[in-house]
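Raw contents of run-v9.pdb, PDB, C-alpha atoms:
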```pdb
ATOM      1  CA  GLU A   2      61.644 -65.216   8.242  1.00  0.00           C
ATOM      2  CA  PRO A   3      65.277 -66.365   8.082  1.00  0.00           C
ATOM      3  CA  GLU A   4      67.819 -63.614   7.606  1.00  0.00           C
ATOM      4  CA  VAL A   5      71.520 -62.973   7.249  1.00  0.00           C
ATOM      5  CA  THR A   6      72.952 -61.282  10.326  1.00  0.00           C
ATOM      6  CA  GLN A   7      76.137 -59.232  10.438  1.00  0.00           C
ATOM      7  CA  THR A   8      78.189 -57.960  13.338  1.00  0.00           C
ATOM      8  CA  PRO A   9      79.245 -55.378  14.246  1.00  0.00           C
ATOM      9  CA  SER A  10      77.011 -52.839  12.551  1.00  0.00           C
ATOM     10  CA  HIS A  11      79.768 -50.242  12.807  1.00  0.00           C
ATOM     11  CA  GLN A  12      83.516 -50.717  13.099  1.00  0.00           C
ATOM     12  CA  VAL A  13      86.046 -47.941  13.493  1.00  0.00           C
ATOM     13  CA  THR A  14      89.718 -48.810  13.176  1.00  0.00           C
ATOM     14  CA  GLN A  15      93.080 -47.194  12.681  1.00  0.00           C
ATOM     15  CA  MET A  16      94.923 -47.541   9.387  1.00  0.00           C
ATOM     16  CA  GLY A  17      97.134 -50.611   9.403  1.00  0.00           C
ATOM     17  CA  GLN A  18      95.032 -52.508  11.935  1.00  0.00           C
ATOM     18  CA  GLU A  19      93.397 -55.857  11.278  1.00  0.00           C
ATOM     19  CA  VAL A  20      89.616 -56.145  11.293  1.00  0.00           C
ATOM     20  CA  ILE A  21      87.304 -59.132  11.185  1.00  0.00           C
ATOM     21  CA  LEU A  22      83.762 -58.720   9.975  1.00  0.00           C
ATOM     22  CA  ARG A  23      81.347 -61.435  10.960  1.00  0.00           C
ATOM     23  CA  CYS A  24      78.277 -62.896   9.297  1.00  0.00           C
ATOM     24  CA  VAL A  25      75.797 -65.648  10.037  1.00  0.00           C
ATOM     25  CA  PRO A  26      74.256 -66.753   6.728  1.00  0.00           C
ATOM     26  CA  ILE A  27      70.823 -68.330   6.420  1.00  0.00           C
ATOM     27  CA  SER A  28      71.132 -71.821   7.850  1.00  0.00           C
ATOM     28  CA  ASN A  29      70.301 -73.969   4.817  1.00  0.00           C
ATOM     29  CA  HIS A  30      72.280 -71.840   2.364  1.00  0.00           C
ATOM     30  CA  LEU A  31      75.487 -73.222   0.917  1.00  0.00           C
ATOM     31  CA  TYR A  32      76.943 -70.274  -1.016  1.00  0.00           C
ATOM     32  CA  PHE A  33      78.331 -67.239   0.724  1.00  0.00           C
ATOM     33  CA  TYR A  34      79.463 -63.862  -0.539  1.00  0.00           C
ATOM     34  CA  TRP A  35      80.982 -60.585   0.503  1.00  0.00           C
ATOM     35  CA  TYR A  36      80.174 -57.346  -1.294  1.00  0.00           C
ATOM     36  CA  ARG A  37      81.144 -53.812  -0.463  1.00  0.00           C
ATOM     37  CA  GLN A  38      79.671 -50.410  -1.179  1.00  0.00           C
ATOM     38  CA  ILE A  39      81.714 -47.250  -0.886  1.00  0.00           C
ATOM     39  CA  LEU A  40      79.527 -44.284   0.029  1.00  0.00           C
ATOM     40  CA  GLY A  41      77.658 -43.055  -3.033  1.00  0.00           C
ATOM     41  CA  GLN A  42      78.943 -45.840  -5.253  1.00  0.00           C
ATOM     42  CA  LYS A  43      77.602 -49.135  -6.492  1.00  0.00           C
ATOM     43  CA  VAL A  44      77.566 -52.488  -4.752  1.00  0.00           C
ATOM     44  CA  GLU A  45      80.755 -54.332  -5.729  1.00  0.00           C
ATOM     45  CA  PHE A  46      81.452 -58.053  -5.630  1.00  0.00           C
ATOM     46  CA  LEU A  47      84.410 -59.129  -3.500  1.00  0.00           C
ATOM     47  CA  VAL A  48      84.346 -62.901  -3.130  1.00  0.00           C
ATOM     48  CA  SER A  49      82.187 -65.995  -3.223  1.00  0.00           C
ATOM     49  CA  PHE A  50      82.729 -69.071  -1.060  1.00  0.00           C
ATOM     50  CA  TYR A  51      81.433 -72.611  -1.330  1.00  0.00           C
ATOM     51  CA  ASN A  52      82.409 -75.919   0.198  1.00  0.00           C
ATOM     52  CA  ASN A  53      85.092 -74.262   2.327  1.00  0.00           C
ATOM     53  CA  GLU A  54      86.921 -72.634  -0.523  1.00  0.00           C
ATOM     54  CA  ILE A  55      86.818 -69.491  -2.604  1.00  0.00           C
ATOM     55  CA  SER A  56      84.776 -69.961  -5.800  1.00  0.00           C
ATOM     56  CA  GLU A  57      85.476 -66.612  -7.379  1.00  0.00           C
ATOM     57  CA  LYS A  58      87.045 -63.328  -6.338  1.00  0.00           C
ATOM     58  CA  SER A  59      87.322 -59.871  -7.794  1.00  0.00           C
ATOM     59  CA  GLU A  60      90.432 -57.805  -8.387  1.00  0.00           C
ATOM     60  CA  ILE A  61      89.540 -55.860  -5.234  1.00  0.00           C
ATOM     61  CA  PHE A  62      90.020 -59.005  -3.142  1.00  0.00           C
ATOM     62  CA  ASP A  63      93.801 -58.899  -2.897  1.00  0.00           C
ATOM     63  CA  ASP A  64      96.188 -60.529  -0.436  1.00  0.00           C
ATOM     64  CA  GLN A  65      95.027 -58.217   2.348  1.00  0.00           C
ATOM     65  CA  PHE A  66      91.647 -59.924   2.348  1.00  0.00           C
ATOM     66  CA  SER A  67      90.742 -63.415   3.486  1.00  0.00           C
ATOM     67  CA  VAL A  68      87.543 -65.299   4.218  1.00  0.00           C
ATOM     68  CA  GLU A  69      86.830 -68.174   6.509  1.00  0.00           C
ATOM     69  CA  ARG A  70      83.986 -70.340   7.695  1.00  0.00           C
ATOM     70  CA  PRO A  71      85.352 -71.219  11.144  1.00  0.00           C
ATOM     71  CA  ASP A  72      82.347 -73.292  12.162  1.00  0.00           C
ATOM     72  CA  GLY A  73      78.973 -74.416  10.839  1.00  0.00           C
ATOM     73  CA  SER A  74      77.305 -71.050  11.174  1.00  0.00           C
ATOM     74  CA  ASN A  75      79.756 -68.152  10.880  1.00  0.00           C
ATOM     75  CA  PHE A  76      81.383 -66.642   7.803  1.00  0.00           C
ATOM     76  CA  THR A  77      84.074 -64.019   8.275  1.00  0.00           C
ATOM     77  CA  LEU A  78      85.947 -61.445   6.217  1.00  0.00           C
ATOM     78  CA  LYS A  79      89.356 -60.410   7.490  1.00  0.00           C
ATOM     79  CA  ILE A  80      91.265 -57.377   6.319  1.00  0.00           C
ATOM     80  CA  ARG A  81      94.855 -57.751   7.482  1.00  0.00           C
ATOM     81  CA  SER A  82      96.165 -54.215   7.293  1.00  0.00           C
ATOM     82  CA  THR A  83      93.401 -51.723   6.670  1.00  0.00           C
ATOM     83  CA  LYS A  84      93.834 -48.737   4.374  1.00  0.00           C
ATOM     84  CA  LEU A  85      91.821 -45.538   4.240  1.00  0.00           C
ATOM     85  CA  GLU A  86      90.244 -46.684   0.982  1.00  0.00           C
ATOM     86  CA  ASP A  87      88.839 -49.780   2.692  1.00  0.00           C
ATOM     87  CA  SER A  88      86.264 -47.536   4.358  1.00  0.00           C
ATOM     88  CA  ALA A  89      82.931 -48.783   3.049  1.00  0.00           C
ATOM     89  CA  MET A  90      79.797 -50.705   3.929  1.00  0.00           C
ATOM     90  CA  TYR A  91      80.502 -54.424   3.739  1.00  0.00           C
ATOM     91  CA  PHE A  92      77.598 -56.728   2.990  1.00  0.00           C
ATOM     92  CA  CYS A  93      77.490 -60.439   3.515  1.00  0.00           C
ATOM     93  CA  ALA A  94      75.084 -62.457   1.369  1.00  0.00           C
ATOM     94  CA  SER A  95      74.081 -66.069   1.017  1.00  0.00           C
ATOM     95  CA  SER A  96      72.188 -68.129  -1.519  1.00  0.00           C
ATOM     96  CA  GLU A  97      70.718 -71.578  -1.622  1.00  0.00           C
ATOM     97  CA  LYS A  98      71.642 -72.465  -5.166  1.00  0.00           C
ATOM     98  CA  GLU A  99      74.759 -72.308  -7.262  1.00  0.00           C
ATOM     99  CA  THR A 100      72.969 -70.080  -9.743  1.00  0.00           C
ATOM    100  CA  ASN A 101      73.063 -67.017  -7.550  1.00  0.00           C
ATOM    101  CA  GLU A 102      69.975 -65.351  -8.859  1.00  0.00           C
ATOM    102  CA  LYS A 103      68.567 -65.029  -5.361  1.00  0.00           C
ATOM    103  CA  LEU A 104      70.972 -63.402  -2.970  1.00  0.00           C
ATOM    104  CA  PHE A 105      69.927 -62.633   0.585  1.00  0.00           C
ATOM    105  CA  PHE A 106      71.887 -59.764   2.088  1.00  0.00           C
ATOM    106  CA  GLY A 107      72.629 -58.770   5.648  1.00  0.00           C
ATOM    107  CA  SER A 108      72.270 -55.192   6.857  1.00  0.00           C
ATOM    108  CA  GLY A 109      75.975 -54.589   6.516  1.00  0.00           C
ATOM    109  CA  THR A 110      78.949 -53.479   8.598  1.00  0.00           C
ATOM    110  CA  GLN A 111      80.014 -49.881   8.153  1.00  0.00           C
ATOM    111  CA  LEU A 112      83.822 -49.885   8.323  1.00  0.00           C
ATOM    112  CA  SER A 113      85.564 -46.590   8.946  1.00  0.00           C
ATOM    113  CA  VAL A 114      89.350 -46.533   8.667  1.00  0.00           C
ATOM    114  CA  LEU A 115      90.955 -43.475  10.252  1.00  0.00           C
TER     115      LEU A 115
ATOM    116  CA  GLN B  13      80.932 -49.574 -22.432  1.00  0.00           C
ATOM    117  CA  LYS B  14      79.931 -50.400 -18.867  1.00  0.00           C
ATOM    118  CA  GLU B  15      78.593 -53.895 -18.284  1.00  0.00           C
ATOM    119  CA  VAL B  16      75.406 -52.606 -16.621  1.00  0.00           C
ATOM    120  CA  GLU B  17      74.107 -49.065 -16.894  1.00  0.00           C
ATOM    121  CA  GLN B  18      71.325 -47.310 -15.046  1.00  0.00           C
ATOM    122  CA  ASP B  19      70.235 -43.696 -14.889  1.00  0.00           C
ATOM    123  CA  PRO B  20      71.140 -42.670 -11.318  1.00  0.00           C
ATOM    124  CA  GLY B  21      68.206 -40.278 -11.013  1.00  0.00           C
ATOM    125  CA  PRO B  22      66.932 -39.122  -8.655  1.00  0.00           C
ATOM    126  CA  LEU B  23      63.459 -39.793  -9.952  1.00  0.00           C
ATOM    127  CA  SER B  24      60.719 -37.980  -8.033  1.00  0.00           C
ATOM    128  CA  VAL B  25      57.060 -38.900  -8.536  1.00  0.00           C
ATOM    129  CA  PRO B  26      53.783 -38.248  -6.697  1.00  0.00           C
ATOM    130  CA  GLU B  27      52.116 -41.020  -4.747  1.00  0.00           C
ATOM    131  CA  GLY B  28      50.002 -43.236  -7.004  1.00  0.00           C
ATOM    132  CA  ALA B  29      52.108 -42.658 -10.116  1.00  0.00           C
ATOM    133  CA  ILE B  30      53.379 -45.407 -12.375  1.00  0.00           C
ATOM    134  CA  VAL B  31      57.160 -45.596 -12.189  1.00  0.00           C
ATOM    135  CA  SER B  32      59.413 -46.910 -14.948  1.00  0.00           C
ATOM    136  CA  LEU B  33      62.993 -47.823 -14.065  1.00  0.00           C
ATOM    137  CA  ASN B  34      65.376 -48.924 -16.788  1.00  0.00           C
ATOM    138  CA  CYS B  35      68.668 -50.679 -17.218  1.00  0.00           C
ATOM    139  CA  THR B  36      70.843 -51.667 -20.168  1.00  0.00           C
ATOM    140  CA  TYR B  37      73.548 -54.308 -20.288  1.00  0.00           C
ATOM    141  CA  SER B  38      76.257 -55.294 -22.711  1.00  0.00           C
ATOM    142  CA  ASN B  39      77.003 -58.960 -21.965  1.00  0.00           C
ATOM    143  CA  SER B  40      74.974 -61.336 -24.131  1.00  0.00           C
ATOM    144  CA  ALA B  41      75.770 -64.169 -21.695  1.00  0.00           C
ATOM    145  CA  PHE B  42      73.427 -62.754 -19.060  1.00  0.00           C
ATOM    146  CA  GLN B  43      70.540 -65.146 -18.573  1.00  0.00           C
ATOM    147  CA  TYR B  44      69.092 -64.108 -15.212  1.00  0.00           C
ATOM    148  CA  PHE B  45      67.710 -60.682 -14.567  1.00  0.00           C
ATOM    149  CA  MET B  46      67.140 -59.439 -11.058  1.00  0.00           C
ATOM    150  CA  TRP B  47      65.950 -56.226  -9.473  1.00  0.00           C
ATOM    151  CA  TYR B  48      66.987 -55.410  -5.939  1.00  0.00           C
ATOM    152  CA  ARG B  49      65.670 -52.626  -3.733  1.00  0.00           C
ATOM    153  CA  GLN B  50      68.018 -50.897  -1.324  1.00  0.00           C
ATOM    154  CA  TYR B  51      66.861 -48.607   1.435  1.00  0.00           C
ATOM    155  CA  SER B  52      69.344 -46.098   2.777  1.00  0.00           C
ATOM    156  CA  ARG B  53      72.178 -47.748   4.746  1.00  0.00           C
ATOM    157  CA  LYS B  54      70.640 -51.208   4.352  1.00  0.00           C
ATOM    158  CA  GLY B  55      71.536 -54.294   2.346  1.00  0.00           C
ATOM    159  CA  PRO B  56      69.926 -54.901  -1.063  1.00  0.00           C
ATOM    160  CA  GLU B  57      66.688 -56.871  -0.984  1.00  0.00           C
ATOM    161  CA  LEU B  58      65.634 -59.074  -3.898  1.00  0.00           C
ATOM    162  CA  LEU B  59      62.489 -57.706  -5.487  1.00  0.00           C
ATOM    163  CA  MET B  60      62.051 -59.493  -8.792  1.00  0.00           C
ATOM    164  CA  TYR B  61      63.845 -62.076 -10.876  1.00  0.00           C
ATOM    165  CA  THR B  62      63.231 -63.520 -14.296  1.00  0.00           C
ATOM    166  CA  TYR B  63      65.024 -65.886 -16.633  1.00  0.00           C
ATOM    167  CA  SER B  64      63.723 -64.935 -20.028  1.00  0.00           C
ATOM    168  CA  SER B  65      62.529 -62.184 -22.282  1.00  0.00           C
ATOM    169  CA  GLY B  66      59.030 -60.948 -21.602  1.00  0.00           C
ATOM    170  CA  ASN B  67      57.106 -59.753 -18.586  1.00  0.00           C
ATOM    171  CA  LYS B  68      56.837 -61.044 -15.047  1.00  0.00           C
ATOM    172  CA  GLU B  69      54.336 -59.558 -12.635  1.00  0.00           C
ATOM    173  CA  ASP B  70      54.295 -59.661  -8.842  1.00  0.00           C
ATOM    174  CA  GLY B  71      51.707 -57.467  -7.168  1.00  0.00           C
ATOM    175  CA  ARG B  72      52.409 -53.838  -8.054  1.00  0.00           C
ATOM    176  CA  PHE B  73      55.726 -54.726  -9.694  1.00  0.00           C
ATOM    177  CA  THR B  74      56.357 -55.842 -13.271  1.00  0.00           C
ATOM    178  CA  ALA B  75      59.768 -56.789 -14.626  1.00  0.00           C
ATOM    179  CA  GLN B  76      60.280 -56.646 -18.362  1.00  0.00           C
ATOM    180  CA  VAL B  77      63.253 -58.059 -20.245  1.00  0.00           C
ATOM    181  CA  ASP B  78      64.128 -57.534 -23.900  1.00  0.00           C
ATOM    182  CA  LYS B  79      67.191 -59.649 -24.615  1.00  0.00           C
ATOM    183  CA  SER B  80      67.376 -58.565 -28.239  1.00  0.00           C
ATOM    184  CA  SER B  81      68.024 -54.981 -27.220  1.00  0.00           C
ATOM    185  CA  LYS B  82      69.664 -55.842 -23.878  1.00  0.00           C
ATOM    186  CA  TYR B  83      67.136 -53.712 -22.031  1.00  0.00           C
ATOM    187  CA  ILE B  84      65.558 -54.381 -18.647  1.00  0.00           C
ATOM    188  CA  SER B  85      62.708 -52.456 -17.051  1.00  0.00           C
ATOM    189  CA  LEU B  86      60.917 -52.441 -13.724  1.00  0.00           C
ATOM    190  CA  PHE B  87      57.463 -50.895 -13.496  1.00  0.00           C
ATOM    191  CA  ILE B  88      55.850 -49.939 -10.199  1.00  0.00           C
ATOM    192  CA  ARG B  89      52.116 -49.302 -10.221  1.00  0.00           C
ATOM    193  CA  ASP B  90      50.327 -47.180  -7.622  1.00  0.00           C
ATOM    194  CA  SER B  91      53.656 -46.082  -6.152  1.00  0.00           C
ATOM    195  CA  GLN B  92      53.783 -45.497  -2.405  1.00  0.00           C
ATOM    196  CA  PRO B  93      56.101 -43.385  -0.226  1.00  0.00           C
ATOM    197  CA  SER B  94      57.453 -46.687   1.133  1.00  0.00           C
ATOM    198  CA  ASP B  95      58.732 -47.432  -2.390  1.00  0.00           C
ATOM    199  CA  SER B  96      61.254 -44.598  -1.962  1.00  0.00           C
ATOM    200  CA  ALA B  97      64.583 -46.382  -2.260  1.00  0.00           C
ATOM    201  CA  THR B  98      67.387 -47.119  -4.699  1.00  0.00           C
ATOM    202  CA  TYR B  99      66.589 -49.776  -7.284  1.00  0.00           C
ATOM    203  CA  LEU B 100      69.465 -51.906  -8.547  1.00  0.00           C
ATOM    204  CA  CYS B 101      69.327 -54.016 -11.652  1.00  0.00           C
ATOM    205  CA  ALA B 102      71.497 -57.108 -11.529  1.00  0.00           C
ATOM    206  CA  PRO B 103      71.771 -59.313 -14.577  1.00  0.00           C
ATOM    207  CA  GLY B 104      73.684 -62.535 -14.094  1.00  0.00           C
ATOM    208  CA  THR B 105      75.131 -65.512 -15.902  1.00  0.00           C
ATOM    209  CA  GLY B 106      74.258 -67.980 -13.176  1.00  0.00           C
ATOM    210  CA  GLY B 107      77.785 -68.063 -11.851  1.00  0.00           C
ATOM    211  CA  PHE B 108      79.114 -66.952  -8.511  1.00  0.00           C
ATOM    212  CA  LYS B 109      79.408 -63.262  -9.291  1.00  0.00           C
ATOM    213  CA  THR B 110      76.497 -60.831  -9.529  1.00  0.00           C
ATOM    214  CA  ILE B 111      77.117 -57.476 -11.188  1.00  0.00           C
ATOM    215  CA  PHE B 112      74.999 -54.635  -9.898  1.00  0.00           C
ATOM    216  CA  GLY B 113      74.075 -51.488 -11.715  1.00  0.00           C
ATOM    217  CA  ALA B 114      74.771 -48.233  -9.923  1.00  0.00           C
ATOM    218  CA  GLY B 115      71.088 -47.926  -9.068  1.00  0.00           C
ATOM    219  CA  THR B 116      68.307 -45.405  -9.622  1.00  0.00           C
ATOM    220  CA  ARG B 117      67.154 -43.378  -6.627  1.00  0.00           C
ATOM    221  CA  LEU B 118      63.380 -43.080  -6.440  1.00  0.00           C
ATOM    222  CA  PHE B 119      61.420 -40.641  -4.286  1.00  0.00           C
ATOM    223  CA  VAL B 120      57.662 -41.033  -4.007  1.00  0.00           C
ATOM    224  CA  LYS B 121      56.037 -37.934  -2.542  1.00  0.00           C
ATOM    225  CA  ALA B 122      52.944 -38.272  -0.369  1.00  0.00           C
TER     226      ALA B 122
END
```

Please, can you express the file's structure as structure tokens?
Amino acid sequence: EPEVTQTPSHQVTQMGQEVILRCVPISNHLYFYWYRQILGQKVEFLVSFYNNEISEKSEIFDDQFSVERPDGSNFTLKIRSTKLEDSAMYFCASSEKETNEKLFFGSGTQLSVL
Amino acid sequence: QKEVEQDPGPLSVPEGAIVSLNCTYSNSAFQYFMWYRQYSRKGPELLMYTYSSGNKEDGRFTAQVDKSSKYISLFIRDSQPSDSATYLCAPGTGGFKTIFGAGTRLFVKA
């Protein structure tokens, strides 16, 4: 069964450092998303991406965040200068249709900012 | 008022019980109603989706939507220990952004 894969599964970084979280969406999907979940809290939308541009972003997704699809298979989330409050589980998701009623999630990258 | 509200639980039931999980929402524009299951430290997994008021059944799971009262339910019949997880309701407008409820933690005891 096709799945969304994310690497690394865990990332530890120092405050102020840049991190790149990587995702390989399901191959025939066209819509890509990043969500995050702070420990004990709900899953929060960060950004959606389609046709090589951002479709929608939340207020969390400020100038420190960026997304990119560098090639035909990868989808990345970059945090330029990490803060302690960026510590969370980051989930990549993809969907086949514009109406995103069926999201397929990866297993997540646990980011710890020290 | 929060856009999507769920009782966080935890809800603890014996194996074989019927489980009822509920969710309310405030945005009348929601047209799609999804339930996701999330195991500890894993990504959410789509369990059920429906587009309209009424019931939709899939195996041991039944999703129920009442648009008039903005109330969504998920019923699990013959619950199993493997059903122990957090259940997230996620109504949507069909756009690019899905709003998740905070989730209800379910424990099914063998």

Taking only C-alpha atoms into account, what are the residues of chain B at most 8 Å from chain A, put as an MDAnalysis selection string?
-> chainID B and resid 44:46 53:58 61 104:115

Where does the PyMOL selection byres ((chain B and resi 66) around 8) land in this file, that is, which residues does it pick, as a PyMOL selection string?
-> chain B and resi 64-65+67-68+76-78

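We find CA of Glu4 (chain A) and CA of Ser95 (chain A) to be spaced 9.4 Å apart.
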
Run the PyMOL selection byres ((chain A and resi 81) around 12) against the file shown and list the residues it catches, as a list in words.
->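 This file, filtered by the PyMOL selection byres ((chain A and resi 81) around 12), leaves Thr14, Gln15, Met16, Gly17, Gln18, Glu19, Val20, Ile21, Leu22, Phe62, Asp63, Asp64, Gln65, Phe66, Ser67, Val68, Leu78, Lys79, Ile80, Ser82, Thr83, Lys84 and Asp87 of chain A.
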
For the point (58.7, -55.0, -14.3) in the file's frame, write as a tab-separated table (two decimals) with C-alpha atoms, in the frame of the given file all residues with an atom no more than 9 Å away, counting only C-alpha atoms.
```tsv
chain	number	residue	atom	x	y	z
B	32	SER	CA	59.41	-46.91	-14.95
B	33	LEU	CA	62.99	-47.82	-14.06
B	47	TRP	CA	65.95	-56.23	-9.47
B	60	MET	CA	62.05	-59.49	-8.79
B	67	ASN	CA	57.11	-59.75	-18.59
B	68	LYS	CA	56.84	-61.04	-15.05
B	69	GLU	CA	54.34	-59.56	-12.64
B	70	ASP	CA	54.30	-59.66	-8.84
B	72	ARG	CA	52.41	-53.84	-8.05
B	73	PHE	CA	55.73	-54.73	-9.69
B	74	THR	CA	56.36	-55.84	-13.27
B	75	ALA	CA	59.77	-56.79	-14.63
B	76	GLN	CA	60.28	-56.65	-18.36
B	77	VAL	CA	63.25	-58.06	-20.24
B	84	ILE	CA	65.56	-54.38	-18.65
B	85	SER	CA	62.71	-52.46	-17.05
B	86	LEU	CA	60.92	-52.44	-13.72
B	87	PHE	CA	57.46	-50.90	-13.50
B	88	ILE	CA	55.85	-49.94	-10.20
```

Return the single residue from B:Arg49, B:Ser80, B:Thr98, B:Gln92 that is closest to Pro20 (chain B), with distances computed using all atoms listed in the file.
-> B:Thr98

Smallest atom-to-atom distance to Glu15 (chain B): which of B:Gly71, B:Gln43, B:Gln50, B:Pro103, using only C-alpha atoms?
->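 Looking at the shortest contact to Glu15 (chain B), the residue is B:Pro103.
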
Counting all atoms listed in the file, which residues have an atom no more than 8 Å from (81.7, -63.1, 11.1) in the file's coordinates? Please list them as an mmCIF file with C-alpha atoms, in the coordinates of the input.
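The resulting file, part24.cif, is reproduced below:
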```
data_model
loop_
_atom_site.group_PDB
_atom_site.id
_atom_site.type_symbol
_atom_site.label_atom_id
_atom_site.label_comp_id
_atom_site.auth_asym_id
_atom_site.auth_seq_id
_atom_site.Cartn_x
_atom_site.Cartn_y
_atom_site.Cartn_z
ATOM 1 C CA GLN A 7 76.137 -59.232 10.438
ATOM 2 C CA THR A 8 78.189 -57.960 13.338
ATOM 3 C CA ILE A 21 87.304 -59.132 11.185
ATOM 4 C CA LEU A 22 83.762 -58.720 9.975
ATOM 5 C CA ARG A 23 81.347 -61.435 10.960
ATOM 6 C CA CYS A 24 78.277 -62.896 9.297
ATOM 7 C CA VAL A 25 75.797 -65.648 10.037
ATOM 8 C CA ASN A 75 79.756 -68.152 10.880
ATOM 9 C CA PHE A 76 81.383 -66.642 7.803
ATOM 10 C CA THR A 77 84.074 -64.019 8.275
ATOM 11 C CA LEU A 78 85.947 -61.445 6.217
#
```

Grab the CA of His30 (chain A) to CA of Asp95 (chain B) distance for me, in Å with one decimal place.
-> 28.3 Å

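Between CA of Asn34 (chain B) and CA of Tyr51 (chain B) lies a distance of 18.3 Å.
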
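Those residues that approach Pro26 (chain B) to within 10 Å, counting all atoms listed in the file, are Ile30, Val31, Asp90, Ser91, Gln92, Pro93, Phe119, Val120, Lys121 and Ala122 of chain B; same-chain residues fewer than 4 positions away are not listed.
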
Out of B:Leu59, B:Ala102, B:Arg117, B:Arg89, which residue has the shortest atom-to-atom distance to Glu27 (chain B) when counting only C-alpha atoms?
-> B:Arg89
